[in-house]
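Just below is one structure, and these are the notes that go with it.
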Amino acid sequence: MTEAFNLISSYRRNLEMKLDPMRYEHSLSVSYTCMNLAMRYGYDMEKAELAGLLHDCGKRYSDDIILKKCRKHNISFTPEEEAAPAVLHANYGAWLAQNKYGIQDPEILSAILYHTTGRPEMSMLEKIVYIADYIEPRRYKAADLPQMRKLAYIDLDETMYEILKGTLAYLNKKSGKIDPMTLKAFDYYQELHRKSVLAKELND
Ligand code: DGI
Ligand code: FE
Ligand code: FE
């Protein structure tokens, strides 16, 4: 066994104890999906595996306890994130990854931090984790999963645009507060989408 595999195995054992069984299963599934996307786009597979495995490591408590943990450990969060507490497990998770799992790679930490909201100008790993979180094989609720599962292997930016669009429509219906970072991410990928549609029209 390689050193990298030993590390992954020890993280898996830890997460299996800390997370509820479905969340653990989801984490494994995201991890493998991240590796698949890394294969497709020529990204580092070990980093993708690790980021996917740990992306929800903060989701081991309810939202109100996660808020308390953030305060206790001086983990920074905005008032808007506090008003949309479902996003806070990403802040707490990035902190746990750095301080409890010993992850130092800023790309992995940032992929965990932005896995729920996305952001403008995402790195390849941030997009891989965000998209894998949505399309992983155990997901079943979203109606557009078949299309997103296909699109993810064609164009990461277009997939970001479509998933963010769907997420905002869902959040608007749910009447929960929307984190402005989700809106900023959507505006950015919508603009990229418009530009690519225009460029295609010009080439026709
Ligand atoms: O942790 P997961 O369930 O695997 O997935 P996730 O980290 O994408 O979190 C999904 C939840 O976060 C889902 O209930 C929608 C919610 N969410 C995502 N962006 C926002 C948001 N909730 C609010 N209130 N505002 C957002 O901008
Ligand atoms: Fe999450
Ligand atoms: Fe997740």
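Residue numbers start at 1 in each chain; chains themselves are named A, B, ... in the order of the structure tokens; ligands are numbered from 1 in the order shown.
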
Check every protein, DNA and RNA residue against ligand 3, keep those with an atom at most 12 Å away (counting only C-alpha atoms and all ligand atoms), and present them as a ChimeraX atom specification. /A:19,22-31,33-34,51-60,86-87,89-90,93,111-117,129-136,138-139

Residue selection dump (C-alpha atoms) as a PDB file, in the first residue's frame:
ATOM      1  CA  LEU A  19     -20.557  10.965  10.282  1.00  0.00           C
ATOM      2  CA  MET A  22     -25.605   8.026   4.765  1.00  0.00           C
ATOM      3  CA  ARG A  23     -23.295  11.029   5.038  1.00  0.00           C
ATOM      4  CA  TYR A  24     -20.297   8.702   5.130  1.00  0.00           C
ATOM      5  CA  GLU A  25     -21.553   6.836   2.070  1.00  0.00           C
ATOM      6  CA  HIS A  26     -22.084  10.198   0.316  1.00  0.00           C
ATOM      7  CA  SER A  27     -18.520  11.256   1.187  1.00  0.00           C
ATOM      8  CA  LEU A  28     -17.079   8.069  -0.347  1.00  0.00           C
ATOM      9  CA  SER A  29     -19.245   8.534  -3.396  1.00  0.00           C
ATOM     10  CA  VAL A  30     -18.159  12.178  -3.836  1.00  0.00           C
ATOM     11  CA  SER A  31     -14.544  11.094  -3.404  1.00  0.00           C
ATOM     12  CA  THR A  33     -16.723  10.974  -8.436  1.00  0.00           C
ATOM     13  CA  CYS A  34     -14.015  13.602  -7.875  1.00  0.00           C
ATOM     14  CA  ALA A  51     -10.923  16.845  -1.167  1.00  0.00           C
ATOM     15  CA  GLY A  52     -14.004  14.797  -2.066  1.00  0.00           C
ATOM     16  CA  LEU A  53     -13.646  12.523   0.943  1.00  0.00           C
ATOM     17  CA  LEU A  54     -13.305  15.410   3.409  1.00  0.00           C
ATOM     18  CA  HIS A  55     -15.696  17.918   1.793  1.00  0.00           C
ATOM     19  CA  ASP A  56     -18.508  17.274   4.331  1.00  0.00           C
ATOM     20  CA  CYS A  57     -16.311  16.477   7.342  1.00  0.00           C
ATOM     21  CA  GLY A  58     -17.911  19.498   9.042  1.00  0.00           C
ATOM     22  CA  LYS A  59     -21.396  18.040   8.691  1.00  0.00           C
ATOM     23  CA  ARG A  60     -21.117  15.985  11.839  1.00  0.00           C
ATOM     24  CA  ALA A  86     -26.852  25.339   5.945  1.00  0.00           C
ATOM     25  CA  VAL A  87     -23.677  26.733   4.363  1.00  0.00           C
ATOM     26  CA  HIS A  89     -20.605  23.266   7.607  1.00  0.00           C
ATOM     27  CA  ALA A  90     -18.244  24.258   4.782  1.00  0.00           C
ATOM     28  CA  GLY A  93     -15.186  21.614   7.543  1.00  0.00           C
ATOM     29  CA  ALA A 111     -12.442  23.345  -2.329  1.00  0.00           C
ATOM     30  CA  ILE A 112     -13.976  22.350   1.029  1.00  0.00           C
ATOM     31  CA  LEU A 113     -14.722  25.990   1.953  1.00  0.00           C
ATOM     32  CA  TYR A 114     -16.580  26.726  -1.297  1.00  0.00           C
ATOM     33  CA  HIS A 115     -18.226  23.355  -1.891  1.00  0.00           C
ATOM     34  CA  THR A 116     -21.702  24.566  -0.862  1.00  0.00           C
ATOM     35  CA  THR A 117     -21.930  28.063  -2.378  1.00  0.00           C
ATOM     36  CA  VAL A 129     -15.789  19.001  -5.703  1.00  0.00           C
ATOM     37  CA  TYR A 130     -18.837  21.259  -6.153  1.00  0.00           C
ATOM     38  CA  ILE A 131     -20.047  19.264  -9.156  1.00  0.00           C
ATOM     39  CA  ALA A 132     -19.205  15.826  -7.717  1.00  0.00           C
ATOM     40  CA  ASP A 133     -21.220  16.765  -4.618  1.00  0.00           C
ATOM     41  CA  TYR A 134     -24.251  17.262  -6.880  1.00  0.00           C
ATOM     42  CA  ILE A 135     -23.897  14.379  -9.339  1.00  0.00           C
ATOM     43  CA  GLU A 136     -22.476  11.567  -7.166  1.00  0.00           C
ATOM     44  CA  ARG A 138     -26.151   8.076  -4.578  1.00  0.00           C
ATOM     45  CA  ARG A 139     -27.950  11.381  -5.223  1.00  0.00           C
TER      46      ARG A 139
END

Neighbours of region 69-84 of chain A within 6 Å (only C-alpha atoms; same-chain residues fewer than 2 positions away dropped), as a VMD selection string? chain A and resid 66 to 67 86 177 179

Selected residues written out, all heavy atoms, as a CSV table (one decimal), in the first residue's frame:
chain,number,residue,atom,x,y,z
A,66,ILE,N,-23.0,23.6,14.8
A,66,ILE,CA,-21.9,24.1,13.9
A,66,ILE,C,-21.6,25.6,14.1
A,66,ILE,O,-20.5,26.0,14.2
A,66,ILE,CB,-22.2,23.7,12.5
A,66,ILE,CG1,-22.1,22.2,12.3
A,66,ILE,CG2,-21.2,24.4,11.5
A,66,ILE,CD1,-22.5,21.7,10.9
A,67,LEU,N,-22.7,26.3,14.3
A,67,LEU,CA,-22.5,27.8,14.5
A,67,LEU,C,-21.8,28.0,15.8
A,67,LEU,O,-20.8,28.8,15.9
A,67,LEU,CB,-23.9,28.5,14.6
A,67,LEU,CG,-23.9,30.0,14.8
A,67,LEU,CD1,-23.2,30.7,13.7
A,67,LEU,CD2,-25.4,30.4,14.9
A,86,ALA,N,-27.2,26.6,6.6
A,86,ALA,CA,-26.9,25.3,5.9
A,86,ALA,C,-25.5,25.4,5.3
A,86,ALA,O,-24.9,24.4,5.0
A,86,ALA,CB,-27.9,25.0,4.9
A,177,LYS,N,-32.9,32.0,3.4
A,177,LYS,CA,-32.0,33.1,3.0
A,177,LYS,C,-31.0,32.5,2.0
A,177,LYS,O,-30.5,31.4,2.2
A,177,LYS,CB,-31.3,33.7,4.2
A,177,LYS,CG,-32.2,34.6,5.1
A,177,LYS,CD,-31.9,36.1,4.7
A,177,LYS,CE,-32.9,37.0,5.2
A,177,LYS,NZ,-33.3,36.9,6.6
A,179,ASP,N,-27.2,32.8,0.5
A,179,ASP,CA,-25.9,33.4,0.8
A,179,ASP,C,-25.5,34.2,-0.5
A,179,ASP,O,-25.5,33.6,-1.6
A,179,ASP,CB,-24.9,32.2,1.0
A,179,ASP,CG,-23.5,32.8,1.4
A,179,ASP,OD1,-23.2,33.9,1.1
A,179,ASP,OD2,-22.8,32.0,2.1

Using only C-alpha atoms and all ligand atoms, can you tell me which of A:Asn36, A:Asn203, A:Asn91, A:Gln98 comes closest to ligand 1? A:Asn91

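The shortest atom-to-atom distance to ligand 2, with only C-alpha atoms and all ligand atoms taken into account, belongs to A:Gly118 out of A:Gln104, A:Gly118, A:Leu7, A:Pro21.
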
Based on the backbone DSSP call, show me all residues of chain A assigned alpha helix (DSSP H), as number ranges by chain. A: 3-18, 21-41, 45-54, 63-72, 79-83, 88-99, 106-113, 124-135, 145-151, 156-174, 180-203

In terms of the shortest atom-to-atom distance over only C-alpha atoms and all ligand atoms, which of A:Tyr41, A:Phe186, A:Tyr153, A:Tyr11 is closest to ligand 1?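 Answer, going by the shortest atom-to-atom distance: A:Phe186.
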
Within 10 Å of Glu107 (chain A) using only C-alpha atoms, minus same-chain residues under 6 positions, as a PDB file with C-alpha atoms, in the first residue's frame:
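Writing the result to part38.pdb gives the following:
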ATOM      1  CA  LYS A  47      -5.892  15.612  -4.306  1.00  0.00           C
ATOM      2  CA  ALA A  48      -9.323  15.142  -5.853  1.00  0.00           C
ATOM      3  CA  ALA A  51     -10.923  16.845  -1.167  1.00  0.00           C
ATOM      4  CA  LEU A 113     -14.722  25.990   1.953  1.00  0.00           C
ATOM      5  CA  SER A 123     -10.232  26.626  -9.404  1.00  0.00           C
ATOM      6  CA  MET A 124     -10.488  23.289 -11.197  1.00  0.00           C
ATOM      7  CA  LEU A 125     -10.551  21.406  -7.866  1.00  0.00           C
ATOM      8  CA  GLU A 126     -13.266  23.694  -6.471  1.00  0.00           C
TER       9      GLU A 126
END

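If you look at atom 27 (O, counted along the ligand's line) of ligand 1 and CA of Ala169 (chain A), they are 10.9 Å away from each other.
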
Please provide the set of residues having any atom within 12 Å of region 190-198 of chain A, restricted to only C-alpha atoms, with same-chain residues fewer than 5 positions apart removed, written as a list in words.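 Listing them by chain and then by number gives Pro120, Glu121, Asp155, Leu156, Asp157, Glu158, Thr159, Met160, Tyr161, Glu162, Ile163, Leu164, Lys165, Leu183, Lys184, Ala185, Asn203 and Asp204 of chain A.
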
Using only C-alpha atoms: which of A:Met181, A:Leu50, A:Met148, A:Met17 has the shortest distance to Tyr101 (chain A):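 The closest residue to Tyr101 (chain A) is A:Leu50.
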
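Taking only C-alpha atoms and all ligand atoms into account, ligand 2 lies nearest to A:Ala94 out of the set A:Met122, A:Leu37, A:Ile65, A:Ala94.
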
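For the atom pair formed by CA of Tyr43 (chain A) and CA of Gln147 (chain A), the distance is 22.7 Å, given to one decimal.
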
Please report the interatomic distance between atom 17 (N, counted along the ligand's line) of ligand 1 and CA of Leu171 (chain A) in Å with one decimal. 7.2 Å
